[in-house]
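Okay, input10.txt now, which holds compact mmCIF, C-alpha atoms:
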# COMPACT_ATOMS: atom_id res chain seq x y z
CA MET A 7 194.43 47.74 -56.48
CA GLU A 8 193.81 44.14 -57.24
CA SER A 9 193.34 41.06 -55.18
CA SER A 10 193.07 37.53 -56.34
CA SER A 11 194.03 34.03 -55.51
CA GLY A 12 195.02 31.17 -57.76
CA ARG A 13 196.00 27.58 -58.09
CA GLY A 14 198.26 25.97 -60.63
CA ALA A 15 199.01 22.51 -61.88
CA VAL A 16 202.10 21.16 -63.58
CA GLU A 17 202.18 18.08 -65.76
CA ILE A 18 205.15 15.86 -64.90
CA ALA A 19 205.73 12.61 -66.78
CA GLY A 20 202.11 12.43 -67.89
CA ARG A 21 200.53 13.10 -64.50
CA LYS A 22 199.27 16.35 -63.07
CA GLU A 23 200.76 17.58 -59.84
CA SER A 24 199.68 20.58 -57.86
CA ALA A 25 202.20 23.38 -58.21
CA VAL A 26 200.56 25.30 -55.37
CA SER A 27 199.12 23.36 -52.48
CA HIS A 28 197.14 26.33 -51.15
CA ASP A 29 195.75 29.66 -52.29
CA ILE A 30 198.10 32.58 -52.72
CA ASN A 31 196.60 36.04 -52.38
CA VAL A 32 197.91 38.87 -54.53
CA LEU A 33 197.47 42.49 -53.55
CA ALA A 34 198.92 45.21 -55.77
CA LEU A 35 199.18 48.99 -55.54
CA VAL A 36 200.43 51.19 -58.38
CA LYS A 37 201.63 54.68 -57.44
CA GLY A 38 203.02 56.50 -60.44
CA GLU A 39 206.18 54.66 -61.45
CA GLU A 40 206.21 52.51 -58.31
CA ARG A 41 204.58 49.11 -57.92
CA TYR A 42 203.88 47.49 -54.56
CA VAL A 43 202.93 43.81 -54.89
CA PHE A 44 202.18 41.64 -51.86
CA LEU A 45 201.91 37.85 -52.12
CA PHE A 46 200.65 36.04 -49.02
CA ASP A 47 198.72 32.99 -47.94
CA ASP A 48 195.98 32.87 -45.32
CA ALA A 49 198.45 31.93 -42.59
CA SER A 50 200.55 35.05 -43.18
CA ARG A 51 197.79 37.69 -43.24
CA ALA A 52 198.85 39.16 -39.86
CA GLU A 53 202.48 39.44 -40.97
CA THR A 54 201.38 41.13 -44.20
CA LEU A 55 199.41 43.69 -42.17
CA ARG A 56 202.55 44.40 -40.11
CA VAL A 57 204.58 44.87 -43.30
CA LEU A 58 202.07 47.46 -44.52
CA GLY A 59 202.66 49.41 -41.31
CA ARG A 60 206.44 49.19 -41.68
CA TYR A 61 206.24 50.43 -45.27
CA ALA A 62 203.97 53.32 -44.26
CA SER A 63 206.38 54.39 -41.51
CA ASN A 64 209.38 54.35 -43.87
CA PRO A 65 209.97 57.94 -45.08
CA GLU A 66 212.04 56.66 -48.02
CA LEU A 67 208.95 55.07 -49.58
CA SER A 68 205.99 56.82 -51.17
CA PHE A 69 203.77 54.23 -49.45
CA SER A 70 201.51 56.24 -47.13
CA TRP A 71 199.41 55.44 -44.07
CA TYR A 72 196.36 55.93 -46.29
CA ASP A 73 197.71 53.23 -48.64
CA ALA A 74 198.29 50.94 -45.65
CA ALA A 75 194.75 51.54 -44.37
CA VAL A 76 193.13 50.84 -47.75
CA LEU A 77 195.17 47.68 -48.34
CA SER A 78 194.62 46.51 -44.76
CA GLN A 79 190.89 46.82 -45.26
CA LYS A 80 191.15 44.78 -48.46
CA ILE A 81 193.12 42.05 -46.67
CA ARG A 82 190.56 41.90 -43.87
CA GLN A 83 187.66 41.73 -46.35
CA GLU A 84 189.33 38.82 -48.13
CA SER A 85 189.72 36.93 -44.84
CA THR A 86 185.98 37.09 -44.19
CA PRO A 87 184.42 34.06 -45.81
CA PRO A 88 182.22 35.24 -48.66
CA GLY A 89 178.78 33.86 -49.32
CA PRO A 90 178.36 30.99 -51.72
CA ARG A 91 180.52 31.56 -54.77
CA ARG A 92 178.50 29.33 -57.05
CA ARG A 93 174.83 28.90 -57.57
CA PHE A 94 173.58 25.45 -58.35
CA GLU A 95 170.54 24.99 -60.48
CA VAL A 96 168.28 22.15 -59.50
CA PRO A 97 166.60 20.55 -62.50
CA GLN A 98 162.84 20.77 -62.41
CA ALA A 99 160.51 17.91 -63.36
CA SER A 100 159.38 19.97 -66.36
CA ASP A 101 162.99 20.06 -67.62
CA ARG A 102 163.13 16.28 -68.12
CA LYS A 103 162.78 14.82 -71.59
CA PRO A 104 159.88 12.44 -72.04
CA GLU A 105 160.94 8.80 -72.05
CA GLY A 106 161.50 7.31 -75.49
CA SER A 107 162.64 10.52 -77.14
As structure tokens, what does this structure read like?
Amino acid sequence: MESSSGRGAVEIAGRKESAVSHDINVLALVKGEERYVFLFDDASRAETLRVLGRYASNPELSFSWYDAAVLSQKIRQESTPPGPRRRFEVPQASDRKPEGS
């Protein structure tokens, strides 16, 4: 299973324009020969959770209730704001070069 989000930019006539105005989440499940790939934004998380339930209840699919539970948990984890993603280093006085060098 994988989850990620991304942004893209397209250059049009010498200027960059955002190809995606918001993050798109990608959730994928590989089961043998089958591939289940879900693309959703933050506003459609609830609908994506409902789709997982519909897939799990469909006897024609190999998608199980266990699969739905695992992917649902991943979706819910992604919606919880993580801690700081970047650490900033504050320069120390000892890091400065002496004047005149």
9 Å contact set for Trp71 of chain A, all atoms listed in the file, chain neighbours under 6 positions out, as a list in words: Leu58, Gly59, Tyr61, Ala62 and Ser63 of chain A
Using only C-alpha atoms: which of A:Phe46, A:Ala52, A:Ile30, A:Leu67 has the shortest distance to Arg82 of chain A: A:Ala52
Selection: 7 Å around Phe44 of chain A, all atoms listed in the file, excl. self and same-chain fewer than 4 positions, as a list of chain:residue names: A:Val32, A:Leu33, A:Ala34
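If you measure from each of A:Glu84, A:Arg60, A:Ser78, A:Glu66 to Leu35 of chain A using only C-alpha atoms, the closest one turns out to be A:Ser78.
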Could you list, as a PDB file with C-alpha atoms, in the frame of the given file, every residue within 12 Å of Lys37 of chain A, counting all atoms listed in the file and ignoring same-chain residues fewer than 6 positions away?
ATOM      1  CA  MET A   7     194.430  47.740 -56.480  1.00  0.00           C
ATOM      2  CA  VAL A  43     202.930  43.810 -54.890  1.00  0.00           C
ATOM      3  CA  LEU A  67     208.950  55.070 -49.580  1.00  0.00           C
ATOM      4  CA  SER A  68     205.990  56.820 -51.170  1.00  0.00           C
ATOM      5  CA  PHE A  69     203.770  54.230 -49.450  1.00  0.00           C
ATOM      6  CA  SER A  70     201.510  56.240 -47.130  1.00  0.00           C
ATOM      7  CA  ASP A  73     197.710  53.230 -48.640  1.00  0.00           C
TER       8      ASP A  73
END
Separation of atom CA of Asn64 of chain A from atom CA of Asp48 of chain A in Å: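 These atoms are spaced 25.4 Å apart.
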Two-atom distance - atom CA of Thr54 of chain A, atom CA of Glu40 of chain A (Å):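 It comes out at 18.8 Å.
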Final N, CA and C atoms of segment 51-69 of chain A as an mmCIF file, in the coordinates of the input:
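This went into part01.cif:
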data_model
loop_
_atom_site.group_PDB
_atom_site.id
_atom_site.type_symbol
_atom_site.label_atom_id
_atom_site.label_comp_id
_atom_site.auth_asym_id
_atom_site.auth_seq_id
_atom_site.Cartn_x
_atom_site.Cartn_y
_atom_site.Cartn_z
ATOM 1 N N ARG A 51 198.541 36.419 -43.159
ATOM 2 C CA ARG A 51 197.790 37.690 -43.240
ATOM 3 C C ARG A 51 198.273 38.690 -42.190
ATOM 4 N N ALA A 52 198.439 38.253 -40.949
ATOM 5 C CA ALA A 52 198.850 39.160 -39.860
ATOM 6 C C ALA A 52 200.227 39.752 -40.149
ATOM 7 N N GLU A 53 201.141 38.935 -40.630
ATOM 8 C CA GLU A 53 202.480 39.440 -40.970
ATOM 9 C C GLU A 53 202.398 40.436 -42.116
ATOM 10 N N THR A 54 201.541 40.200 -43.080
ATOM 11 C CA THR A 54 201.380 41.130 -44.200
ATOM 12 C C THR A 54 200.844 42.470 -43.702
ATOM 13 N N LEU A 55 199.924 42.445 -42.758
ATOM 14 C CA LEU A 55 199.410 43.690 -42.170
ATOM 15 C C LEU A 55 200.540 44.459 -41.469
ATOM 16 N N ARG A 56 201.420 43.743 -40.776
ATOM 17 C CA ARG A 56 202.550 44.400 -40.110
ATOM 18 C C ARG A 56 203.502 45.024 -41.136
ATOM 19 N N VAL A 57 203.710 44.340 -42.253
ATOM 20 C CA VAL A 57 204.580 44.870 -43.300
ATOM 21 C C VAL A 57 204.002 46.168 -43.866
ATOM 22 N N LEU A 58 202.691 46.225 -44.032
ATOM 23 C CA LEU A 58 202.070 47.460 -44.520
ATOM 24 C C LEU A 58 202.391 48.619 -43.585
ATOM 25 N N GLY A 59 202.321 48.379 -42.278
ATOM 26 C CA GLY A 59 202.660 49.410 -41.310
ATOM 27 C C GLY A 59 204.117 49.832 -41.381
ATOM 28 N N ARG A 60 205.016 48.860 -41.560
ATOM 29 C CA ARG A 60 206.440 49.190 -41.680
ATOM 30 C C ARG A 60 206.711 50.017 -42.936
ATOM 31 N N TYR A 61 206.056 49.659 -44.036
ATOM 32 C CA TYR A 61 206.240 50.430 -45.270
ATOM 33 C C TYR A 61 205.717 51.857 -45.092
ATOM 34 N N ALA A 62 204.558 51.991 -44.448
ATOM 35 C CA ALA A 62 203.970 53.320 -44.260
ATOM 36 C C ALA A 62 204.844 54.202 -43.372
ATOM 37 N N SER A 63 205.543 53.612 -42.420
ATOM 38 C CA SER A 63 206.380 54.390 -41.510
ATOM 39 C C SER A 63 207.766 54.674 -42.077
ATOM 40 N N ASN A 64 208.065 54.138 -43.252
ATOM 41 C CA ASN A 64 209.380 54.350 -43.870
ATOM 42 C C ASN A 64 209.327 55.617 -44.736
ATOM 43 N N PRO A 65 210.023 56.682 -44.324
ATOM 44 C CA PRO A 65 209.970 57.940 -45.080
ATOM 45 C C PRO A 65 210.629 57.864 -46.455
ATOM 46 N N GLU A 66 211.398 56.817 -46.722
ATOM 47 C CA GLU A 66 212.040 56.660 -48.020
ATOM 48 C C GLU A 66 211.087 56.098 -49.080
ATOM 49 N N LEU A 67 209.937 55.625 -48.648
ATOM 50 C CA LEU A 67 208.950 55.070 -49.580
ATOM 51 C C LEU A 67 207.802 56.053 -49.781
ATOM 52 N N SER A 68 207.167 55.984 -50.931
ATOM 53 C CA SER A 68 205.990 56.820 -51.170
ATOM 54 C C SER A 68 204.727 56.165 -50.596
ATOM 55 N N PHE A 69 204.880 54.987 -50.031
ATOM 56 C CA PHE A 69 203.770 54.230 -49.450
ATOM 57 C C PHE A 69 203.287 54.962 -48.195
#
